[in-house]
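Enquirer: Got protein_33.txt for you, compact mmCIF, N, CA and C atoms:
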# COMPACT_ATOMS: atom_id res chain seq x y z
N MET H 1 -213.34 177.70 -77.04
CA MET H 1 -211.93 177.45 -76.81
C MET H 1 -211.49 178.22 -75.57
N ALA H 2 -210.88 177.57 -74.64
CA ALA H 2 -210.37 178.20 -73.44
C ALA H 2 -208.87 178.42 -73.58
N ILE H 3 -208.39 179.54 -73.07
CA ILE H 3 -206.96 179.84 -73.09
C ILE H 3 -206.49 180.01 -71.66
N LYS H 4 -205.43 179.31 -71.29
CA LYS H 4 -204.82 179.42 -69.97
C LYS H 4 -203.43 180.01 -70.17
N PRO H 5 -203.21 181.26 -69.74
CA PRO H 5 -201.88 181.86 -69.86
C PRO H 5 -200.85 181.08 -69.03
N LEU H 6 -199.60 181.09 -69.47
CA LEU H 6 -198.53 180.40 -68.77
C LEU H 6 -197.72 181.38 -67.92
N SER H 7 -197.09 180.89 -66.90
CA SER H 7 -196.19 181.60 -65.97
C SER H 7 -196.71 182.98 -65.59
N ASP H 8 -196.01 184.06 -65.95
CA ASP H 8 -196.40 185.41 -65.51
C ASP H 8 -197.23 186.16 -66.56
N LYS H 9 -197.92 185.42 -67.41
CA LYS H 9 -198.73 186.04 -68.46
C LYS H 9 -200.17 186.22 -67.98
N VAL H 10 -200.84 187.25 -68.55
CA VAL H 10 -202.22 187.60 -68.20
C VAL H 10 -203.01 187.73 -69.50
N LEU H 11 -204.19 187.15 -69.54
CA LEU H 11 -205.11 187.31 -70.67
C LEU H 11 -206.11 188.39 -70.27
N LEU H 12 -206.22 189.44 -71.09
CA LEU H 12 -207.20 190.47 -70.77
C LEU H 12 -207.95 190.93 -72.00
N LYS H 13 -209.12 191.46 -71.73
CA LYS H 13 -209.99 192.01 -72.77
C LYS H 13 -209.91 193.53 -72.66
N PRO H 14 -209.39 194.20 -73.70
CA PRO H 14 -209.32 195.66 -73.65
C PRO H 14 -210.72 196.26 -73.52
N ILE H 15 -210.81 197.33 -72.75
CA ILE H 15 -212.07 198.06 -72.60
C ILE H 15 -211.97 199.30 -73.46
N LYS H 16 -212.90 199.44 -74.37
CA LYS H 16 -212.90 200.59 -75.28
C LYS H 16 -213.20 201.86 -74.50
N THR H 17 -212.41 202.89 -74.76
CA THR H 17 -212.66 204.18 -74.11
C THR H 17 -213.69 204.96 -74.92
N PRO H 18 -214.40 205.90 -74.29
CA PRO H 18 -215.39 206.67 -75.02
C PRO H 18 -214.75 207.47 -76.15
N GLU H 19 -215.51 207.65 -77.22
CA GLU H 19 -214.99 208.38 -78.37
C GLU H 19 -215.16 209.88 -78.24
N THR H 20 -215.95 210.33 -77.25
CA THR H 20 -216.08 211.76 -76.99
C THR H 20 -215.94 212.00 -75.49
N THR H 21 -215.43 213.17 -75.13
CA THR H 21 -215.31 213.51 -73.73
C THR H 21 -216.66 214.00 -73.21
N LYS H 22 -216.77 214.18 -71.89
CA LYS H 22 -218.02 214.68 -71.32
C LYS H 22 -218.35 216.06 -71.86
N GLY H 23 -217.33 216.82 -72.23
CA GLY H 23 -217.54 218.16 -72.78
C GLY H 23 -217.86 218.14 -74.27
N GLY H 24 -217.87 216.96 -74.89
CA GLY H 24 -218.24 216.84 -76.29
C GLY H 24 -217.07 216.85 -77.26
N ILE H 25 -215.84 216.82 -76.75
CA ILE H 25 -214.68 216.81 -77.63
C ILE H 25 -214.49 215.39 -78.17
N ILE H 26 -214.37 215.28 -79.48
CA ILE H 26 -214.19 213.97 -80.12
C ILE H 26 -212.72 213.57 -80.02
N ILE H 27 -212.50 212.35 -79.54
CA ILE H 27 -211.15 211.82 -79.40
C ILE H 27 -210.86 210.99 -80.65
N PRO H 28 -209.82 211.34 -81.41
CA PRO H 28 -209.53 210.59 -82.64
C PRO H 28 -209.06 209.17 -82.33
N GLU H 29 -209.27 208.28 -83.28
CA GLU H 29 -208.89 206.87 -83.14
C GLU H 29 -207.40 206.71 -82.82
N THR H 30 -206.56 207.57 -83.40
CA THR H 30 -205.11 207.46 -83.18
C THR H 30 -204.74 207.75 -81.73
N ALA H 31 -205.53 208.51 -81.02
CA ALA H 31 -205.24 208.81 -79.61
C ALA H 31 -205.42 207.58 -78.74
N HIS H 32 -206.23 206.64 -79.19
CA HIS H 32 -206.48 205.42 -78.41
C HIS H 32 -205.38 204.39 -78.60
N THR H 33 -204.65 204.47 -79.70
CA THR H 33 -203.72 203.39 -80.03
C THR H 33 -202.27 203.82 -80.10
N GLU H 34 -201.90 204.97 -79.55
CA GLU H 34 -200.51 205.38 -79.56
C GLU H 34 -199.66 204.38 -78.78
N ALA H 35 -198.52 204.03 -79.32
CA ALA H 35 -197.63 203.09 -78.63
C ALA H 35 -197.21 203.67 -77.30
N GLY H 36 -197.27 202.86 -76.26
CA GLY H 36 -196.85 203.30 -74.95
C GLY H 36 -197.92 204.02 -74.15
N SER H 37 -199.10 204.19 -74.71
CA SER H 37 -200.17 204.87 -73.97
C SER H 37 -200.84 203.88 -73.02
N ALA H 38 -201.42 204.41 -71.94
CA ALA H 38 -202.09 203.55 -70.96
C ALA H 38 -203.48 203.18 -71.46
N GLN H 39 -203.87 201.95 -71.23
CA GLN H 39 -205.16 201.42 -71.65
C GLN H 39 -205.82 200.76 -70.46
N GLU H 40 -207.13 200.52 -70.57
CA GLU H 40 -207.85 199.77 -69.54
C GLU H 40 -208.30 198.43 -70.10
N GLY H 41 -208.39 197.44 -69.20
CA GLY H 41 -208.84 196.14 -69.62
C GLY H 41 -209.35 195.33 -68.44
N GLU H 42 -210.03 194.23 -68.76
CA GLU H 42 -210.53 193.32 -67.74
C GLU H 42 -209.75 192.01 -67.83
N VAL H 43 -209.24 191.56 -66.70
CA VAL H 43 -208.47 190.32 -66.65
C VAL H 43 -209.42 189.13 -66.81
N LEU H 44 -209.14 188.29 -67.81
CA LEU H 44 -209.96 187.10 -68.06
C LEU H 44 -209.33 185.84 -67.46
N ALA H 45 -207.99 185.79 -67.43
CA ALA H 45 -207.29 184.63 -66.88
C ALA H 45 -205.86 185.01 -66.57
N VAL H 46 -205.25 184.31 -65.63
CA VAL H 46 -203.85 184.56 -65.27
C VAL H 46 -203.07 183.25 -65.24
N GLY H 47 -201.77 183.36 -65.42
CA GLY H 47 -200.90 182.20 -65.34
C GLY H 47 -200.64 181.79 -63.89
N ASN H 48 -199.84 180.75 -63.72
CA ASN H 48 -199.56 180.21 -62.38
C ASN H 48 -198.68 181.11 -61.54
N GLY H 49 -197.82 181.91 -62.16
CA GLY H 49 -196.93 182.78 -61.41
C GLY H 49 -195.57 182.88 -62.06
N ARG H 50 -194.76 183.75 -61.49
CA ARG H 50 -193.42 184.02 -62.02
C ARG H 50 -192.43 183.02 -61.42
N LEU H 51 -191.75 182.28 -62.29
CA LEU H 51 -190.79 181.27 -61.87
C LEU H 51 -189.47 181.94 -61.48
N GLN H 52 -188.95 181.60 -60.30
CA GLN H 52 -187.69 182.15 -59.81
C GLN H 52 -186.54 181.20 -60.14
N MET H 53 -185.32 181.70 -60.02
CA MET H 53 -184.13 180.89 -60.33
C MET H 53 -184.02 179.65 -59.44
N ASP H 54 -184.52 179.73 -58.21
CA ASP H 54 -184.43 178.58 -57.29
C ASP H 54 -185.56 177.57 -57.49
N GLY H 55 -186.43 177.81 -58.50
CA GLY H 55 -187.52 176.90 -58.78
C GLY H 55 -188.83 177.24 -58.10
N SER H 56 -188.82 178.21 -57.20
CA SER H 56 -190.06 178.61 -56.55
C SER H 56 -190.90 179.48 -57.49
N VAL H 57 -192.18 179.58 -57.20
CA VAL H 57 -193.10 180.35 -58.03
C VAL H 57 -193.73 181.45 -57.18
N ILE H 58 -193.67 182.69 -57.67
CA ILE H 58 -194.32 183.81 -57.00
C ILE H 58 -195.67 184.03 -57.68
N PRO H 59 -196.78 183.91 -56.93
CA PRO H 59 -198.11 184.08 -57.54
C PRO H 59 -198.30 185.49 -58.08
N LEU H 60 -199.15 185.61 -59.09
CA LEU H 60 -199.44 186.92 -59.67
C LEU H 60 -200.38 187.71 -58.76
N ILE H 61 -200.29 189.02 -58.84
CA ILE H 61 -201.14 189.90 -58.06
C ILE H 61 -202.51 190.06 -58.73
N ALA H 62 -202.51 190.22 -60.05
CA ALA H 62 -203.76 190.38 -60.80
C ALA H 62 -204.58 189.09 -60.72
N LYS H 63 -205.88 189.24 -60.61
CA LYS H 63 -206.79 188.10 -60.53
C LYS H 63 -207.87 188.23 -61.61
N LYS H 64 -208.47 187.12 -61.95
CA LYS H 64 -209.57 187.10 -62.91
C LYS H 64 -210.67 188.05 -62.43
N GLY H 65 -211.16 188.89 -63.34
CA GLY H 65 -212.23 189.84 -63.01
C GLY H 65 -211.72 191.23 -62.66
N ASP H 66 -210.42 191.38 -62.38
CA ASP H 66 -209.87 192.70 -62.07
C ASP H 66 -209.95 193.62 -63.29
N ARG H 67 -210.24 194.88 -63.02
CA ARG H 67 -210.16 195.90 -64.07
C ARG H 67 -208.82 196.60 -63.86
N VAL H 68 -208.00 196.64 -64.91
CA VAL H 68 -206.63 197.11 -64.78
C VAL H 68 -206.29 198.20 -65.79
N VAL H 69 -205.22 198.93 -65.49
CA VAL H 69 -204.62 199.87 -66.42
C VAL H 69 -203.29 199.25 -66.83
N TYR H 70 -203.04 199.19 -68.14
CA TYR H 70 -201.82 198.56 -68.63
C TYR H 70 -201.20 199.40 -69.73
N ILE H 71 -199.91 199.22 -69.95
CA ILE H 71 -199.22 199.91 -71.04
C ILE H 71 -199.43 199.09 -72.30
N ASP H 72 -199.85 199.76 -73.33
CA ASP H 72 -200.20 199.08 -74.58
C ASP H 72 -198.97 198.84 -75.45
N TYR H 73 -198.13 197.91 -75.03
CA TYR H 73 -197.01 197.47 -75.85
C TYR H 73 -196.62 196.07 -75.40
N GLY H 74 -196.01 195.33 -76.28
CA GLY H 74 -195.50 194.02 -75.90
C GLY H 74 -196.52 192.92 -75.77
N GLY H 75 -197.80 193.23 -75.85
CA GLY H 75 -198.82 192.20 -75.77
C GLY H 75 -199.02 191.52 -77.10
N THR H 76 -199.58 190.33 -77.04
CA THR H 76 -199.90 189.58 -78.25
C THR H 76 -201.40 189.52 -78.40
N GLU H 77 -201.90 189.96 -79.55
CA GLU H 77 -203.35 189.94 -79.80
C GLU H 77 -203.79 188.52 -80.11
N VAL H 78 -204.88 188.10 -79.49
CA VAL H 78 -205.49 186.79 -79.76
C VAL H 78 -207.00 186.98 -79.84
N ASN H 79 -207.66 186.07 -80.54
CA ASN H 79 -209.10 186.10 -80.64
C ASN H 79 -209.64 184.93 -79.84
N VAL H 80 -210.45 185.24 -78.82
CA VAL H 80 -211.02 184.22 -77.95
C VAL H 80 -212.53 184.27 -78.08
N GLU H 81 -213.08 183.23 -78.66
CA GLU H 81 -214.53 183.12 -78.84
C GLU H 81 -215.12 184.37 -79.49
N GLY H 82 -214.43 184.87 -80.53
CA GLY H 82 -214.92 186.02 -81.30
C GLY H 82 -214.60 187.38 -80.70
N GLU H 83 -213.88 187.41 -79.58
CA GLU H 83 -213.52 188.69 -78.95
C GLU H 83 -212.02 188.91 -79.04
N ASP H 84 -211.63 190.15 -79.36
CA ASP H 84 -210.22 190.51 -79.42
C ASP H 84 -209.68 190.67 -78.00
N CYS H 85 -208.61 189.95 -77.69
CA CYS H 85 -207.99 189.97 -76.36
C CYS H 85 -206.49 190.14 -76.51
N LEU H 86 -205.82 190.31 -75.38
CA LEU H 86 -204.36 190.44 -75.34
C LEU H 86 -203.79 189.48 -74.32
N ILE H 87 -202.61 188.93 -74.64
CA ILE H 87 -201.82 188.21 -73.65
C ILE H 87 -200.57 189.04 -73.43
N LEU H 88 -200.32 189.41 -72.17
CA LEU H 88 -199.14 190.20 -71.85
C LEU H 88 -198.59 189.81 -70.50
N GLN H 89 -197.37 190.25 -70.22
CA GLN H 89 -196.76 189.96 -68.92
C GLN H 89 -197.42 190.82 -67.85
N GLU H 90 -197.51 190.29 -66.64
CA GLU H 90 -198.11 191.04 -65.55
C GLU H 90 -197.36 192.35 -65.31
N ALA H 91 -196.08 192.40 -65.61
CA ALA H 91 -195.28 193.61 -65.41
C ALA H 91 -195.79 194.78 -66.25
N ALA H 92 -196.55 194.51 -67.32
CA ALA H 92 -197.11 195.58 -68.15
C ALA H 92 -198.35 196.20 -67.53
N ILE H 93 -198.86 195.58 -66.44
CA ILE H 93 -200.02 196.14 -65.73
C ILE H 93 -199.52 197.18 -64.73
N LEU H 94 -200.05 198.39 -64.85
CA LEU H 94 -199.62 199.49 -63.99
C LEU H 94 -200.41 199.59 -62.72
N ALA H 95 -201.72 199.24 -62.78
CA ALA H 95 -202.59 199.40 -61.61
C ALA H 95 -203.82 198.55 -61.75
N ILE H 96 -204.40 198.21 -60.58
CA ILE H 96 -205.70 197.55 -60.53
C ILE H 96 -206.70 198.60 -60.08
N LEU H 97 -207.76 198.79 -60.85
CA LEU H 97 -208.77 199.80 -60.51
C LEU H 97 -209.74 199.21 -59.49
N GLU H 98 -209.92 199.90 -58.39
CA GLU H 98 -210.85 199.45 -57.34
C GLU H 98 -212.04 200.35 -57.32
N SER H 99 -213.22 199.76 -57.10
CA SER H 99 -214.45 200.58 -57.07
C SER H 99 -214.84 200.96 -55.68
Would you write the structure of this file as structure tokens?

Expert:
Amino acid sequence: MAIKPLSDKVLLKPIKTPETTKGGIIIPETAHTEAGSAQEGEVLAVGNGRLQMDGSVIPLIAKKGDRVVYIDYGGTEVNVEGEDCLILQEAAILAILES
């Protein structure tokens, strides 16, 4: 099943963070899921763009394959081909990680 996000929505796959730090400190599960905390994910698909009042469309900045940091709120959880994913507005993306 393929999912195509609409307008300014982005489909992304959350990237699980390590459960221990490099120094060996164990990070509890609750630290990963606090509301409003920043998360990382990979963009799987993007919508056509943000519709303006005059009918024009502004393309999204995020592209398929980008690794991003996003705020973990307001997204809708969906299951795509057995994988847990999120659909959220592009405005919830804080940054694109560049290598």

Enquirer: When distances are computed from only C-alpha atoms, which of H:Asn79, H:Gly74, H:Thr20, H:Lys64 shows the smallest separation from Ala92 (chain H)?

Expert: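 The answer is H:Gly74, which sits nearest to Ala92 (chain H).
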
Enquirer: Mind listing the strand (DSSP E) residues of chain H, per DSSP on the backbone, as a ChimeraX atom specification?

Expert: /H:9-15,38-46,50-51,57-58,67-71,76-80,83-89,93-97

Enquirer: List every protein, DNA or RNA residue that has an atom no more than 12 Å from (-202.7, 188.7, -69.3) in the file's coordinate frame, counting only C-alpha atoms, and report them as a compact mmCIF listing (two decimals) with N, CA and C atoms, in the coordinates of the input.

Expert:
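Done, and the output landed in part_3.txt:
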# COMPACT_ATOMS: atom_id res chain seq x y z
N ILE H 3 -208.39 179.54 -73.07
CA ILE H 3 -206.96 179.84 -73.09
C ILE H 3 -206.49 180.01 -71.66
N LYS H 4 -205.43 179.31 -71.29
CA LYS H 4 -204.82 179.42 -69.97
C LYS H 4 -203.43 180.01 -70.17
N PRO H 5 -203.21 181.26 -69.74
CA PRO H 5 -201.88 181.86 -69.86
C PRO H 5 -200.85 181.08 -69.03
N LEU H 6 -199.60 181.09 -69.47
CA LEU H 6 -198.53 180.40 -68.77
C LEU H 6 -197.72 181.38 -67.92
N SER H 7 -197.09 180.89 -66.90
CA SER H 7 -196.19 181.60 -65.97
C SER H 7 -196.71 182.98 -65.59
N ASP H 8 -196.01 184.06 -65.95
CA ASP H 8 -196.40 185.41 -65.51
C ASP H 8 -197.23 186.16 -66.56
N LYS H 9 -197.92 185.42 -67.41
CA LYS H 9 -198.73 186.04 -68.46
C LYS H 9 -200.17 186.22 -67.98
N VAL H 10 -200.84 187.25 -68.55
CA VAL H 10 -202.22 187.60 -68.20
C VAL H 10 -203.01 187.73 -69.50
N LEU H 11 -204.19 187.15 -69.54
CA LEU H 11 -205.11 187.31 -70.67
C LEU H 11 -206.11 188.39 -70.27
N LEU H 12 -206.22 189.44 -71.09
CA LEU H 12 -207.20 190.47 -70.77
C LEU H 12 -207.95 190.93 -72.00
N LYS H 13 -209.12 191.46 -71.73
CA LYS H 13 -209.99 192.01 -72.77
C LYS H 13 -209.91 193.53 -72.66
N PRO H 14 -209.39 194.20 -73.70
CA PRO H 14 -209.32 195.66 -73.65
C PRO H 14 -210.72 196.26 -73.52
N GLY H 41 -208.39 197.44 -69.20
CA GLY H 41 -208.84 196.14 -69.62
C GLY H 41 -209.35 195.33 -68.44
N GLU H 42 -210.03 194.23 -68.76
CA GLU H 42 -210.53 193.32 -67.74
C GLU H 42 -209.75 192.01 -67.83
N VAL H 43 -209.24 191.56 -66.70
CA VAL H 43 -208.47 190.32 -66.65
C VAL H 43 -209.42 189.13 -66.81
N LEU H 44 -209.14 188.29 -67.81
CA LEU H 44 -209.96 187.10 -68.06
C LEU H 44 -209.33 185.84 -67.46
N ALA H 45 -207.99 185.79 -67.43
CA ALA H 45 -207.29 184.63 -66.88
C ALA H 45 -205.86 185.01 -66.57
N VAL H 46 -205.25 184.31 -65.63
CA VAL H 46 -203.85 184.56 -65.27
C VAL H 46 -203.07 183.25 -65.24
N GLY H 47 -201.77 183.36 -65.42
CA GLY H 47 -200.90 182.20 -65.34
C GLY H 47 -200.64 181.79 -63.89
N ASN H 48 -199.84 180.75 -63.72
CA ASN H 48 -199.56 180.21 -62.38
C ASN H 48 -198.68 181.11 -61.54
N GLY H 49 -197.82 181.91 -62.16
CA GLY H 49 -196.93 182.78 -61.41
C GLY H 49 -195.57 182.88 -62.06
N LEU H 60 -199.15 185.61 -59.09
CA LEU H 60 -199.44 186.92 -59.67
C LEU H 60 -200.38 187.71 -58.76
N ILE H 61 -200.29 189.02 -58.84
CA ILE H 61 -201.14 189.90 -58.06
C ILE H 61 -202.51 190.06 -58.73
N ALA H 62 -202.51 190.22 -60.05
CA ALA H 62 -203.76 190.38 -60.80
C ALA H 62 -204.58 189.09 -60.72
N LYS H 63 -205.88 189.24 -60.61
CA LYS H 63 -206.79 188.10 -60.53
C LYS H 63 -207.87 188.23 -61.61
N LYS H 64 -208.47 187.12 -61.95
CA LYS H 64 -209.57 187.10 -62.91
C LYS H 64 -210.67 188.05 -62.43
N GLY H 65 -211.16 188.89 -63.34
CA GLY H 65 -212.23 189.84 -63.01
C GLY H 65 -211.72 191.23 -62.66
N ASP H 66 -210.42 191.38 -62.38
CA ASP H 66 -209.87 192.70 -62.07
C ASP H 66 -209.95 193.62 -63.29
N ARG H 67 -210.24 194.88 -63.02
CA ARG H 67 -210.16 195.90 -64.07
C ARG H 67 -208.82 196.60 -63.86
N VAL H 68 -208.00 196.64 -64.91
CA VAL H 68 -206.63 197.11 -64.78
C VAL H 68 -206.29 198.20 -65.79
N VAL H 69 -205.22 198.93 -65.49
CA VAL H 69 -204.62 199.87 -66.42
C VAL H 69 -203.29 199.25 -66.83
N TYR H 70 -203.04 199.19 -68.14
CA TYR H 70 -201.82 198.56 -68.63
C TYR H 70 -201.20 199.40 -69.73
N ILE H 71 -199.91 199.22 -69.95
CA ILE H 71 -199.22 199.91 -71.04
C ILE H 71 -199.43 199.09 -72.30
N ASP H 72 -199.85 199.76 -73.33
CA ASP H 72 -200.20 199.08 -74.58
C ASP H 72 -198.97 198.84 -75.45
N GLY H 74 -196.01 195.33 -76.28
CA GLY H 74 -195.50 194.02 -75.90
C GLY H 74 -196.52 192.92 -75.77
N GLY H 75 -197.80 193.23 -75.85
CA GLY H 75 -198.82 192.20 -75.77
C GLY H 75 -199.02 191.52 -77.10
N THR H 76 -199.58 190.33 -77.04
CA THR H 76 -199.90 189.58 -78.25
C THR H 76 -201.40 189.52 -78.40
N GLU H 77 -201.90 189.96 -79.55
CA GLU H 77 -203.35 189.94 -79.80
C GLU H 77 -203.79 188.52 -80.11
N VAL H 78 -204.88 188.10 -79.49
CA VAL H 78 -205.49 186.79 -79.76
C VAL H 78 -207.00 186.98 -79.84
N CYS H 85 -208.61 189.95 -77.69
CA CYS H 85 -207.99 189.97 -76.36
C CYS H 85 -206.49 190.14 -76.51
N LEU H 86 -205.82 190.31 -75.38
CA LEU H 86 -204.36 190.44 -75.34
C LEU H 86 -203.79 189.48 -74.32
N ILE H 87 -202.61 188.93 -74.64
CA ILE H 87 -201.82 188.21 -73.65
C ILE H 87 -200.57 189.04 -73.43
N LEU H 88 -200.32 189.41 -72.17
CA LEU H 88 -199.14 190.20 -71.85
C LEU H 88 -198.59 189.81 -70.50
N GLN H 89 -197.37 190.25 -70.22
CA GLN H 89 -196.76 189.96 -68.92
C GLN H 89 -197.42 190.82 -67.85
N GLU H 90 -197.51 190.29 -66.64
CA GLU H 90 -198.11 191.04 -65.55
C GLU H 90 -197.36 192.35 -65.31
N ALA H 91 -196.08 192.40 -65.61
CA ALA H 91 -195.28 193.61 -65.41
C ALA H 91 -195.79 194.78 -66.25
N ALA H 92 -196.55 194.51 -67.32
CA ALA H 92 -197.11 195.58 -68.15
C ALA H 92 -198.35 196.20 -67.53
N ILE H 93 -198.86 195.58 -66.44
CA ILE H 93 -200.02 196.14 -65.73
C ILE H 93 -199.52 197.18 -64.73

Enquirer: What is the CA of Glu83 (chain H) to CA of Lys16 (chain H) distance in Å?

Expert: 12.5 Å

Enquirer: One number please: CA of Asp84 (chain H) to CA of Ile15 (chain H), in Å, one decimal.

Expert: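 Pair CA of Asp84 (chain H) / CA of Ile15 (chain H) returns 10.3 Å.
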
Enquirer: How far is it from atom C of Gly82 (chain H) to atom C of Ala38 (chain H), in Å with one decimal?

Expert: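 For atom C of Gly82 (chain H) relative to atom C of Ala38 (chain H), the distance reads 21.4 Å.
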
Enquirer: As a PyMOL selection string, list the residues of chain H assigned to helix (DSSP H, G or I) by DSSP on the backbone atoms of this structure.

Expert: chain H and resi 29-32+90-92

Enquirer: With N, CA and C atoms retained, could you export that selection as a PDB file, in the frame of the given file?

Expert:
ATOM      1  N   GLU H  29    -209.270 208.280 -83.280  1.00  0.00           N
ATOM      2  CA  GLU H  29    -208.890 206.870 -83.140  1.00  0.00           C
ATOM      3  C   GLU H  29    -207.400 206.710 -82.820  1.00  0.00           C
ATOM      4  N   THR H  30    -206.560 207.570 -83.400  1.00  0.00           N
ATOM      5  CA  THR H  30    -205.110 207.460 -83.180  1.00  0.00           C
ATOM      6  C   THR H  30    -204.740 207.750 -81.730  1.00  0.00           C
ATOM      7  N   ALA H  31    -205.530 208.510 -81.020  1.00  0.00           N
ATOM      8  CA  ALA H  31    -205.240 208.810 -79.610  1.00  0.00           C
ATOM      9  C   ALA H  31    -205.420 207.580 -78.740  1.00  0.00           C
ATOM     10  N   HIS H  32    -206.230 206.640 -79.190  1.00  0.00           N
ATOM     11  CA  HIS H  32    -206.480 205.420 -78.410  1.00  0.00           C
ATOM     12  C   HIS H  32    -205.380 204.390 -78.600  1.00  0.00           C
ATOM     13  N   GLU H  90    -197.510 190.290 -66.640  1.00  0.00           N
ATOM     14  CA  GLU H  90    -198.110 191.040 -65.550  1.00  0.00           C
ATOM     15  C   GLU H  90    -197.360 192.350 -65.310  1.00  0.00           C
ATOM     16  N   ALA H  91    -196.080 192.400 -65.610  1.00  0.00           N
ATOM     17  CA  ALA H  91    -195.280 193.610 -65.410  1.00  0.00           C
ATOM     18  C   ALA H  91    -195.790 194.780 -66.250  1.00  0.00           C
ATOM     19  N   ALA H  92    -196.550 194.510 -67.320  1.00  0.00           N
ATOM     20  CA  ALA H  92    -197.110 195.580 -68.150  1.00  0.00           C
ATOM     21  C   ALA H  92    -198.350 196.200 -67.530  1.00  0.00           C
TER      22      ALA H  92
END
